[in-house]
>>> print(open('my_file.pdb').read())   # PDB, C-alpha atoms and all ligand atoms
ATOM      1  CA  MET A   1      24.749  39.623  86.993
ATOM      2  CA  LEU A   2      21.353  39.055  85.305
ATOM      3  CA  LYS A   3      23.241  37.878  82.197
ATOM      4  CA  ALA A   4      20.136  36.457  80.504
ATOM      5  CA  LEU A   5      18.256  39.748  80.926
ATOM      6  CA  ARG A   6      21.237  41.759  79.617
ATOM      7  CA  GLU A   7      21.444  39.455  76.581
ATOM      8  CA  GLN A   8      17.693  39.836  75.914
ATOM      9  CA  VAL A   9      18.002  43.606  76.184
ATOM     10  CA  LEU A  10      21.012  43.649  73.848
ATOM     11  CA  GLU A  11      19.058  41.586  71.267
ATOM     12  CA  ALA A  12      16.052  43.881  71.603
ATOM     13  CA  ASN A  13      18.248  46.945  71.038
ATOM     14  CA  LEU A  14      19.772  45.332  67.938
ATOM     15  CA  ASP A  15      16.236  44.553  66.745
ATOM     16  CA  LEU A  16      15.527  48.309  66.732
ATOM     17  CA  VAL A  17      18.144  48.578  63.981
ATOM     18  CA  LYS A  18      16.818  45.501  62.125
ATOM     19  CA  GLY A  19      13.290  46.919  62.341
ATOM     20  CA  GLY A  20      14.433  50.166  60.730
ATOM     21  CA  LEU A  21      13.391  52.227  63.739
ATOM     22  CA  VAL A  22      16.676  53.966  64.544
ATOM     23  CA  LEU A  23      19.651  55.746  62.973
ATOM     24  CA  TYR A  24      23.111  55.925  64.530
ATOM     25  CA  THR A  25      22.741  55.871  68.351
ATOM     26  CA  PHE A  26      19.089  57.035  68.397
ATOM     27  CA  GLY A  27      16.637  55.239  70.645
ATOM     28  CA  ASN A  28      16.929  52.774  73.493
ATOM     29  CA  VAL A  29      15.412  49.600  74.937
ATOM     30  CA  SER A  30      15.276  48.338  78.511
ATOM     31  CA  GLY A  31      13.921  45.306  80.334
ATOM     32  CA  ILE A  32      13.142  44.682  83.983
ATOM     33  CA  ASP A  33      13.576  41.827  86.441
ATOM     34  CA  ARG A  34      10.622  42.525  88.739
ATOM     35  CA  ASP A  35      11.751  40.030  91.397
ATOM     36  CA  GLN A  36      15.077  41.776  91.846
ATOM     37  CA  GLY A  37      13.782  45.267  91.048
ATOM     38  CA  LEU A  38      16.570  45.780  88.518
ATOM     39  CA  VAL A  39      16.421  47.333  85.058
ATOM     40  CA  ALA A  40      18.773  46.501  82.168
ATOM     41  CA  ILE A  41      19.144  49.362  79.689
ATOM     42  CA  LYS A  42      21.186  50.405  76.665
ATOM     43  CA  PRO A  43      24.347  52.405  77.409
ATOM     44  CA  SER A  44      24.120  56.029  76.248
ATOM     45  CA  GLY A  45      25.553  56.961  72.872
ATOM     46  CA  VAL A  46      27.141  53.606  72.023
ATOM     47  CA  PRO A  47      26.783  52.558  68.347
ATOM     48  CA  TYR A  48      24.565  49.487  68.045
ATOM     49  CA  ASP A  49      27.106  47.605  65.930
ATOM     50  CA  ARG A  50      29.632  47.761  68.768
ATOM     51  CA  MET A  51      27.262  47.058  71.638
ATOM     52  CA  LYS A  52      27.890  43.937  73.761
ATOM     53  CA  ALA A  53      25.836  42.322  76.529
ATOM     54  CA  ASP A  54      28.465  43.511  79.010
ATOM     55  CA  ASP A  55      27.786  47.111  77.952
ATOM     56  CA  ILE A  56      24.141  46.846  79.025
ATOM     57  CA  VAL A  57      23.821  48.749  82.297
ATOM     58  CA  LEU A  58      21.837  47.499  85.295
ATOM     59  CA  THR A  59      20.237  49.983  87.679
ATOM     60  CA  ASP A  60      17.756  49.779  90.502
ATOM     61  CA  LEU A  61      14.393  51.505  90.222
ATOM     62  CA  ASP A  62      15.889  54.674  91.719
ATOM     63  CA  GLY A  63      18.475  54.816  88.932
ATOM     64  CA  LYS A  64      21.414  53.668  91.047
ATOM     65  CA  LYS A  65      23.841  51.738  88.848
ATOM     66  CA  VAL A  66      24.529  48.229  90.087
ATOM     67  CA  TYR A  67      26.337  46.780  87.043
ATOM     68  CA  GLY A  68      28.334  48.070  84.096
ATOM     69  CA  ASP A  69      31.071  50.546  83.270
ATOM     70  CA  MET A  70      29.062  52.710  80.890
ATOM     71  CA  ARG A  71      26.611  55.516  81.546
ATOM     72  CA  PRO A  72      23.017  54.323  81.132
ATOM     73  CA  SER A  73      20.759  55.712  78.404
ATOM     74  CA  SER A  74      19.943  59.383  78.793
ATOM     75  CA  ASP A  75      16.254  58.340  78.831
ATOM     76  CA  LEU A  76      16.675  56.133  81.922
ATOM     77  CA  ALA A  77      14.444  58.265  84.177
ATOM     78  CA  THR A  78      11.535  57.959  81.728
ATOM     79  CA  HIS A  79      11.924  54.175  81.539
ATOM     80  CA  LEU A  80      12.048  53.902  85.343
ATOM     81  CA  LEU A  81       8.909  55.970  85.827
ATOM     82  CA  LEU A  82       7.053  53.798  83.309
ATOM     83  CA  TYR A  83       8.109  50.626  85.179
ATOM     84  CA  LYS A  84       6.980  52.154  88.478
ATOM     85  CA  SER A  85       3.667  53.370  87.067
ATOM     86  CA  PHE A  86       2.712  50.375  84.889
ATOM     87  CA  SER A  87       3.242  47.314  87.051
ATOM     88  CA  GLY A  88       2.447  44.770  84.300
ATOM     89  CA  ILE A  89       5.088  45.820  81.797
ATOM     90  CA  GLY A  90       8.478  44.136  81.364
ATOM     91  CA  GLY A  91      10.136  46.151  78.606
ATOM     92  CA  VAL A  92      10.262  49.737  77.330
ATOM     93  CA  VAL A  93      11.353  51.171  73.965
ATOM     94  CA  HIS A  94      12.000  54.712  72.851
ATOM     95  CA  SER A  95      12.729  55.457  69.223
ATOM     96  CA  HIS A  96      12.638  58.331  66.787
ATOM     97  CA  SER A  97      11.002  56.185  64.109
ATOM     98  CA  GLU A  98       9.968  58.622  61.410
ATOM     99  CA  TYR A  99       6.227  58.289  60.996
ATOM    100  CA  ALA A 100       5.431  57.922  64.694
ATOM    101  CA  THR A 101       7.667  60.954  65.294
ATOM    102  CA  ILE A 102       5.807  62.911  62.607
ATOM    103  CA  TRP A 103       2.570  62.423  64.605
ATOM    104  CA  ALA A 104       4.423  63.341  67.827
ATOM    105  CA  GLN A 105       5.843  66.500  66.257
ATOM    106  CA  ALA A 106       2.374  67.434  65.033
ATOM    107  CA  ALA A 107       1.177  66.779  68.621
ATOM    108  CA  ARG A 108      -1.580  64.570  67.237
ATOM    109  CA  ALA A 109      -2.807  61.229  68.500
ATOM    110  CA  ILE A 110      -2.747  58.466  65.868
ATOM    111  CA  PRO A 111      -6.398  57.778  65.061
ATOM    112  CA  ALA A 112      -7.621  54.185  64.868
ATOM    113  CA  LEU A 113      -8.223  54.060  61.127
ATOM    114  CA  GLY A 114      -8.206  50.341  60.449
ATOM    115  CA  THR A 115      -7.937  46.819  61.747
ATOM    116  CA  THR A 116      -4.109  46.808  61.592
ATOM    117  CA  HIS A 117      -4.200  49.464  64.290
ATOM    118  CA  ALA A 118      -6.952  47.655  66.213
ATOM    119  CA  ASP A 119      -4.955  44.421  66.354
ATOM    120  CA  TYR A 120      -2.457  46.143  68.668
ATOM    121  CA  PHE A 121      -3.854  49.404  70.049
ATOM    122  CA  HIS A 122      -7.296  49.536  71.621
ATOM    123  CA  GLY A 123      -8.069  53.097  70.542
ATOM    124  CA  PRO A 124      -6.172  56.111  69.226
ATOM    125  CA  VAL A 125      -2.509  56.107  70.286
ATOM    126  CA  PRO A 126      -2.436  59.090  72.659
ATOM    127  CA  VAL A 127      -0.123  62.054  72.481
ATOM    128  CA  THR A 128       1.108  63.809  75.597
ATOM    129  CA  ARG A 129       0.477  67.407  76.409
ATOM    130  CA  VAL A 130       3.334  69.788  75.637
ATOM    131  CA  LEU A 131       5.663  70.086  78.622
ATOM    132  CA  THR A 132       5.800  73.479  80.303
ATOM    133  CA  ASP A 133       9.042  75.479  80.283
ATOM    134  CA  ALA A 134       9.424  74.717  83.999
ATOM    135  CA  GLU A 135       9.074  70.977  83.315
ATOM    136  CA  ILE A 136      11.609  71.174  80.491
ATOM    137  CA  GLU A 137      14.067  73.177  82.569
ATOM    138  CA  GLY A 138      13.541  70.843  85.541
ATOM    139  CA  ASP A 139      14.010  67.093  85.140
ATOM    140  CA  TYR A 140      12.947  66.879  81.489
ATOM    141  CA  VAL A 141      13.508  63.132  81.209
ATOM    142  CA  LEU A 142      11.513  62.360  84.349
ATOM    143  CA  ASN A 143       8.764  64.786  83.311
ATOM    144  CA  THR A 144       8.582  63.022  79.954
ATOM    145  CA  GLY A 145       7.534  59.952  81.926
ATOM    146  CA  VAL A 146       5.043  62.008  83.929
ATOM    147  CA  VAL A 147       3.234  63.231  80.808
ATOM    148  CA  ILE A 148       3.213  59.733  79.268
ATOM    149  CA  VAL A 149       1.544  58.357  82.396
ATOM    150  CA  GLU A 150      -0.956  61.242  82.262
ATOM    151  CA  ALA A 151      -1.684  60.503  78.582
ATOM    152  CA  ILE A 152      -2.398  56.836  79.316
ATOM    153  CA  GLY A 153      -4.674  57.905  82.176
ATOM    154  CA  ASP A 154      -7.026  55.132  83.217
ATOM    155  CA  LYS A 155      -6.378  53.011  80.109
ATOM    156  CA  ASP A 156      -4.838  49.581  80.635
ATOM    157  CA  PRO A 157      -1.179  50.076  79.554
ATOM    158  CA  MET A 158      -1.190  46.587  78.031
ATOM    159  CA  SER A 159      -4.117  47.470  75.755
ATOM    160  CA  MET A 160      -2.486  50.780  74.836
ATOM    161  CA  PRO A 161       1.223  49.876  74.746
ATOM    162  CA  ALA A 162       2.433  53.183  73.291
ATOM    163  CA  ALA A 163       2.238  56.940  73.626
ATOM    164  CA  LEU A 164       3.675  59.780  71.589
ATOM    165  CA  VAL A 165       5.576  62.489  73.428
ATOM    166  CA  ALA A 166       4.620  65.807  71.829
ATOM    167  CA  GLY A 167       7.549  67.321  69.968
ATOM    168  CA  HIS A 168       9.751  64.324  70.704
ATOM    169  CA  GLY A 169       8.815  60.783  69.651
ATOM    170  CA  PRO A 170       7.213  57.497  70.633
ATOM    171  CA  PHE A 171       7.617  55.370  73.745
ATOM    172  CA  CYS A 172       6.305  51.803  73.647
ATOM    173  CA  TRP A 173       6.215  48.984  76.157
ATOM    174  CA  GLY A 174       5.325  45.292  76.372
ATOM    175  CA  ARG A 175       5.568  42.076  78.367
ATOM    176  CA  ASP A 176       9.346  42.112  77.917
ATOM    177  CA  ALA A 177      11.961  43.957  75.880
ATOM    178  CA  ALA A 178      11.305  41.919  72.706
ATOM    179  CA  ASP A 179       7.540  42.456  72.966
ATOM    180  CA  ALA A 180       8.077  46.202  73.434
ATOM    181  CA  VAL A 181      10.172  46.292  70.224
ATOM    182  CA  HIS A 182       7.455  44.298  68.425
ATOM    183  CA  ASN A 183       4.914  46.942  69.462
ATOM    184  CA  ALA A 184       7.272  49.737  68.363
ATOM    185  CA  VAL A 185       7.683  48.173  64.897
ATOM    186  CA  VAL A 186       3.904  47.836  64.527
ATOM    187  CA  LEU A 187       3.380  51.393  65.811
ATOM    188  CA  GLU A 188       5.659  52.723  63.077
ATOM    189  CA  SER A 189       3.747  50.765  60.414
ATOM    190  CA  VAL A 190       0.396  52.000  61.734
ATOM    191  CA  ALA A 191       1.713  55.584  61.924
ATOM    192  CA  ARG A 192       2.947  55.408  58.316
ATOM    193  CA  MET A 193      -0.384  54.087  57.053
ATOM    194  CA  ALA A 194      -2.268  56.729  59.028
ATOM    195  CA  VAL A 195      -0.225  59.596  57.526
ATOM    196  CA  HIS A 196      -1.070  58.379  54.022
ATOM    197  CA  THR A 197      -4.700  57.558  54.832
ATOM    198  CA  VAL A 198      -5.312  61.045  56.221
ATOM    199  CA  ALA A 199      -3.544  62.604  53.221
ATOM    200  CA  LEU A 200      -5.682  60.579  50.797
ATOM    201  CA  ARG A 201      -8.936  61.163  52.668
ATOM    202  CA  PRO A 202      -8.685  64.000  55.211
ATOM    203  CA  GLU A 203     -12.301  63.574  56.303
ATOM    204  CA  THR A 204     -11.830  59.902  57.257
ATOM    205  CA  ARG A 205     -13.440  59.092  60.608
ATOM    206  CA  GLY A 206     -11.713  55.786  61.242
ATOM    207  CA  ILE A 207     -13.203  52.458  62.186
ATOM    208  CA  SER A 208     -16.211  51.950  64.428
ATOM    209  CA  GLN A 209     -15.877  51.081  68.108
ATOM    210  CA  SER A 210     -17.368  47.659  67.392
ATOM    211  CA  LEU A 211     -14.788  46.818  64.690
ATOM    212  CA  LEU A 212     -12.021  48.170  66.938
ATOM    213  CA  ASP A 213     -13.231  45.998  69.839
ATOM    214  CA  GLN A 214     -13.692  42.921  67.662
ATOM    215  CA  HIS A 215     -10.180  43.084  66.236
ATOM    216  CA  TYR A 216      -8.477  44.021  69.482
ATOM    217  CA  PHE A 217     -10.126  41.298  71.586
ATOM    218  CA  ARG A 218      -9.699  38.679  68.842
ATOM    219  CA  LYS A 219      -5.972  38.852  69.624
ATOM    220  CA  HIS A 220      -5.790  39.877  73.279
ATOM    221  CA  GLY A 221      -7.219  38.851  76.609
ATOM    222  CA  ALA A 222      -8.702  35.719  78.106
ATOM    223  CA  LYS A 223     -11.170  35.211  75.239
ATOM    224  CA  ALA A 224      -8.665  35.727  72.400
ATOM    225  CA  THR A 225      -9.222  33.372  69.489
ATOM    226  CA  TYR A 226      -6.451  34.446  67.111
ATOM    227  CA  GLY A 227      -3.450  32.172  66.615
ATOM    228  CA  GLN A 228      -2.759  29.234  68.907
ATOM    229  CA  ALA A 229      -3.945  28.910  72.481
ATOM    230  CA  SER A 230      -0.475  29.353  73.964
ATOM    231  CA  SER A 231       0.193  32.698  72.279
ATOM    232  CA  ASP A 232      -1.478  36.021  72.998
ATOM    233  CA  LYS A 233       0.146  37.578  69.986
ATOM    234  CA  ALA A 234       0.763  35.058  67.230
ATOM    235  CA  LEU A 235       1.774  36.677  63.966
TER     236      LEU A 235
HETATM  237  O1  LIG B   1      15.746  60.997  72.523
HETATM  238  C1  LIG B   1      16.877  60.797  72.847
HETATM  239  C2  LIG B   1      17.631  61.884  73.420
HETATM  240  O2  LIG B   1      16.785  62.996  73.497
HETATM  241  C3  LIG B   1      17.476  59.445  72.740
HETATM  242  O3  LIG B   1      16.568  58.579  72.126
HETATM  243  C4  LIG B   1      18.725  59.361  71.951
HETATM  244  O4  LIG B   1      18.391  59.240  70.589
HETATM  245  C5  LIG B   1      19.478  58.146  72.413
HETATM  246  O5  LIG B   1      19.984  58.398  73.678
HETATM  247  P1  LIG B   1      20.805  57.311  74.484
HETATM  248  O6  LIG B   1      19.850  56.220  74.834
HETATM  249  O7  LIG B   1      21.917  56.811  73.570
HETATM  250  O8  LIG B   1      21.326  58.091  75.674
END
>>> encode(input="my_file.pdb", output="structure tokens", more="lines below")
Ligand SMILES: O=C(CO)[C@@H](O)[C@H](O)COP(=O)(O)O
Amino acid sequence: MLKALREQVLEANLDLVKGGLVLYTFGNVSGIDRDQGLVAIKPSGVPYDRMKADDIVLTDLDGKKVYGDMRPSSDLATHLLLYKSFSGIGGVVHSHSEYATIWAQAARAIPALGTTHADYFHGPVPVTRVLTDAEIEGDYVLNTGVVIVEAIGDKDPMSMPAALVAGHGPFCWGRDAADAVHNAVVLESVARMAVHTVALRPETRGISQSLLDQHYFRKHGAKATYGQASSDKAL
């Protein structure tokens, strides 16, 4: 059932390890088949080096398992809410990558300090509000999705493909599972550079709106000029 999607999601999960974003069983990646309304997601707590395409769990958008013997990722409800809220996305990543998590733990948005940031994120990467005790004691995983959607607000989720969950870590998304991992790897790089930039020059104000716009739109959207015509995100 949806073998190609399960294989893509397996590869994307293994790419979290290759990208240095996760330790042990931390983190998770999912992908969606919009036509069938089914999500393929990492099984919970399974070491990446033992994970097989058959271990990838399929659920519907209500979280009902339709394929697989394993329990789905413990973050499933967050992934599902993001798919329901952001209709253009095809993949979701959660990691505890260190520098992005440092910003999340500090409950600070990552400021747009340079063109590396602007190539991927059209503005500061937002941080969620801190969940209330009632939200934590209720459905914490679902409410994590709620505060991410709030933090994105009226921004286009494809121009801001990441948010930091205060006190927790980053969630990223993209056109598919591989694209979401790509964004998560870049987010970690941008977060690392921002920590050091702010340490070196605490008063830094970041780049201007015009430089941010120029770099972002050079790579994204109908008028993008970067790379080759067939690719929105050539490296
Ligand atoms: O943040 C968390 C749990 O709070 C997760 O990222 C875990 O690190 C991985 O959980 P599974 O996807 O294996 O359930």
>>> resolve_selection(input="my_file.pdb", expression="the PyMOL selection byres (((chain A and resi 140) around 12) and not hetatm)", output="list in words")
Ser74, Asp75, Leu76, Ala77, Thr78, Val130, Leu131, Thr132, Asp133, Ala134, Glu135, Ile136, Glu137, Gly138, Asp139, Val141, Leu142, Asn143, Thr144, Gly145, Val146, Val147, Val165 and His168 of chain A
>>> closest_residue(input="my_file.pdb", among="A:Arg175, A:Gly19, A:His117, A:Pro111", to="Pro202 (chain A)", atoms="only C-alpha atoms")
A:Pro111
>>> resolve_selection(input="my_file.pdb", expression="the PyMOL selection byres (((chain A and resi 80) around 12) and not hetatm)", output="JSON, numbers by chain")
{"A": [29, 30, 31, 32, 34, 37, 38, 39, 40, 41, 58, 59, 60, 61, 62, 63, 64, 72, 73, 74, 75, 76, 77, 78, 79, 81, 82, 83, 84, 85, 86, 87, 89, 90, 91, 92, 93, 141, 142, 143, 144, 145, 146, 149, 173]}
>>> residues_near_point(input="my_file.pdb", point="(2.3, 58.2, 73.1)", cutoff="8 Å", atoms="only C-alpha atoms", output="VMD selection string")
chain A and resid 104 109 125 to 128 148 151 to 152 162 to 165 169 to 172
>>> axis_aligned_box(input="my_file.pdb", around="region 77-91 of chain A", padding_each_side="4 Å", output="AutoDock Vina command-line options")
--center_x 8.4 --center_y 51.2 --center_z 83.5 --size_x 20.0 --size_y 22.1 --size_z 17.9
>>> closest_residue(input="my_file.pdb", among="A:Asp69, A:Glu98, A:Glu11, A:Asp55", to="Val195 (chain A)", atoms="all atoms listed in the file")
A:Glu98
>>> residues_near_ligand(input="my_file.pdb", ligand="ligand LIG 1 (chain B)", cutoff="7 Å", atoms="only C-alpha atoms and all ligand atoms", output="list in words")
Thr25, Phe26, Gly27, Asn28, Lys42, Pro43, Ser44, Gly45, Val46, Pro72, Ser73, Ser74, Asp75, His94, Ser95 and His96 of chain A
>>> resolve_selection(input="my_file.pdb", expression="the PyMOL selection byres (((chain A and resi 181) around 8) and not hetatm)", output="ChimeraX atom specification")
/A:12,15-16,29,92-93,172-174,177-180,182-185
>>> atom_distance(input="my_file.pdb", atom1="CA of Ala112 (chain A)", atom2="CA of Pro124 (chain A)")
5.0 Å
>>> residues_around(input="my_file.pdb", residues="region 206-219 of chain A", least_positions_apart="5", cutoff="8 Å", atoms="all atoms listed in the file", output="list in words")
Pro111, Ala112, Leu113, Gly114, Thr115, Ala118, Asp119, Tyr120, Phe121, His122, Gly123, Ala224, Thr225, Tyr226, Gly227, Asp232 and Lys233 of chain A
>>> atom_distance(input="my_file.pdb", atom1="CA of Lys3 (chain A)", atom2="CA of Met51 (chain A)")
14.6 Å
>>> atom_distance(input="my_file.pdb", atom1="CA of Leu14 (chain A)", atom2="CA of Tyr48 (chain A)")
6.3 Å
>>> closest_residue(input="my_file.pdb", among="A:Ala53, A:Leu200, A:Ala194, A:Leu187", to="Leu2 (chain A)", atoms="only C-alpha atoms")
A:Ala53
>>> closest_residue(input="my_file.pdb", among="A:Asp49, A:Asp35, A:Ala166, A:Arg129", to="Glu150 (chain A)", atoms="all atoms listed in the file")
A:Arg129
>>> decode(input="my_file.pdb", residues="region 137-178 of chain A", atoms="C-alpha atoms", output="PDB file, in the first residue's frame")
ATOM      1  CA  GLU A 137      -2.234  18.461  30.228  1.00  0.00           C
ATOM      2  CA  GLY A 138      -4.791  18.100  27.419  1.00  0.00           C
ATOM      3  CA  ASP A 139      -3.717  16.840  23.998  1.00  0.00           C
ATOM      4  CA  TYR A 140      -0.174  18.236  24.081  1.00  0.00           C
ATOM      5  CA  VAL A 141       0.788  16.874  20.667  1.00  0.00           C
ATOM      6  CA  LEU A 142      -2.314  18.270  18.974  1.00  0.00           C
ATOM      7  CA  ASN A 143      -1.919  21.598  20.787  1.00  0.00           C
ATOM      8  CA  THR A 144       1.669  21.755  19.553  1.00  0.00           C
ATOM      9  CA  GLY A 145       0.181  21.847  16.061  1.00  0.00           C
ATOM     10  CA  VAL A 146      -2.328  24.495  17.128  1.00  0.00           C
ATOM     11  CA  VAL A 147       0.390  26.878  18.327  1.00  0.00           C
ATOM     12  CA  ILE A 148       2.504  26.278  15.199  1.00  0.00           C
ATOM     13  CA  VAL A 149      -0.457  27.223  13.008  1.00  0.00           C
ATOM     14  CA  GLU A 150      -1.011  30.312  15.186  1.00  0.00           C
ATOM     15  CA  ALA A 151       2.677  31.269  14.851  1.00  0.00           C
ATOM     16  CA  ILE A 152       2.533  31.041  11.053  1.00  0.00           C
ATOM     17  CA  GLY A 153      -0.632  33.160  11.098  1.00  0.00           C
ATOM     18  CA  ASP A 154      -1.354  34.686   7.713  1.00  0.00           C
ATOM     19  CA  LYS A 155       2.113  33.931   6.302  1.00  0.00           C
ATOM     20  CA  ASP A 156       2.302  31.602   3.309  1.00  0.00           C
ATOM     21  CA  PRO A 157       3.555  28.299   4.834  1.00  0.00           C
ATOM     22  CA  MET A 158       5.650  27.691   1.714  1.00  0.00           C
ATOM     23  CA  SER A 159       7.513  30.982   2.190  1.00  0.00           C
ATOM     24  CA  MET A 160       7.969  30.261   5.896  1.00  0.00           C
ATOM     25  CA  PRO A 161       8.492  26.479   5.944  1.00  0.00           C
ATOM     26  CA  ALA A 162       9.443  26.226   9.624  1.00  0.00           C
ATOM     27  CA  ALA A 163       8.453  27.230  13.128  1.00  0.00           C
ATOM     28  CA  LEU A 164      10.073  26.719  16.504  1.00  0.00           C
ATOM     29  CA  VAL A 165       7.944  25.285  19.287  1.00  0.00           C
ATOM     30  CA  ALA A 166       8.871  27.147  22.474  1.00  0.00           C
ATOM     31  CA  GLY A 167      10.658  24.870  24.915  1.00  0.00           C
ATOM     32  CA  HIS A 168      10.618  21.976  22.467  1.00  0.00           C
ATOM     33  CA  GLY A 169      12.191  22.196  19.003  1.00  0.00           C
ATOM     34  CA  PRO A 170      11.671  22.886  15.317  1.00  0.00           C
ATOM     35  CA  PHE A 171       9.011  21.658  12.912  1.00  0.00           C
ATOM     36  CA  CYS A 172       9.622  22.127   9.188  1.00  0.00           C
ATOM     37  CA  TRP A 173       7.636  21.288   6.090  1.00  0.00           C
ATOM     38  CA  GLY A 174       7.993  21.284   2.303  1.00  0.00           C
ATOM     39  CA  ARG A 175       6.605  20.091  -1.018  1.00  0.00           C
ATOM     40  CA  ASP A 176       7.326  16.497   0.000  1.00  0.00           C
ATOM     41  CA  ALA A 177       9.206  14.619   2.708  1.00  0.00           C
ATOM     42  CA  ALA A 178      12.624  15.153   1.069  1.00  0.00           C
TER      43      ALA A 178
END
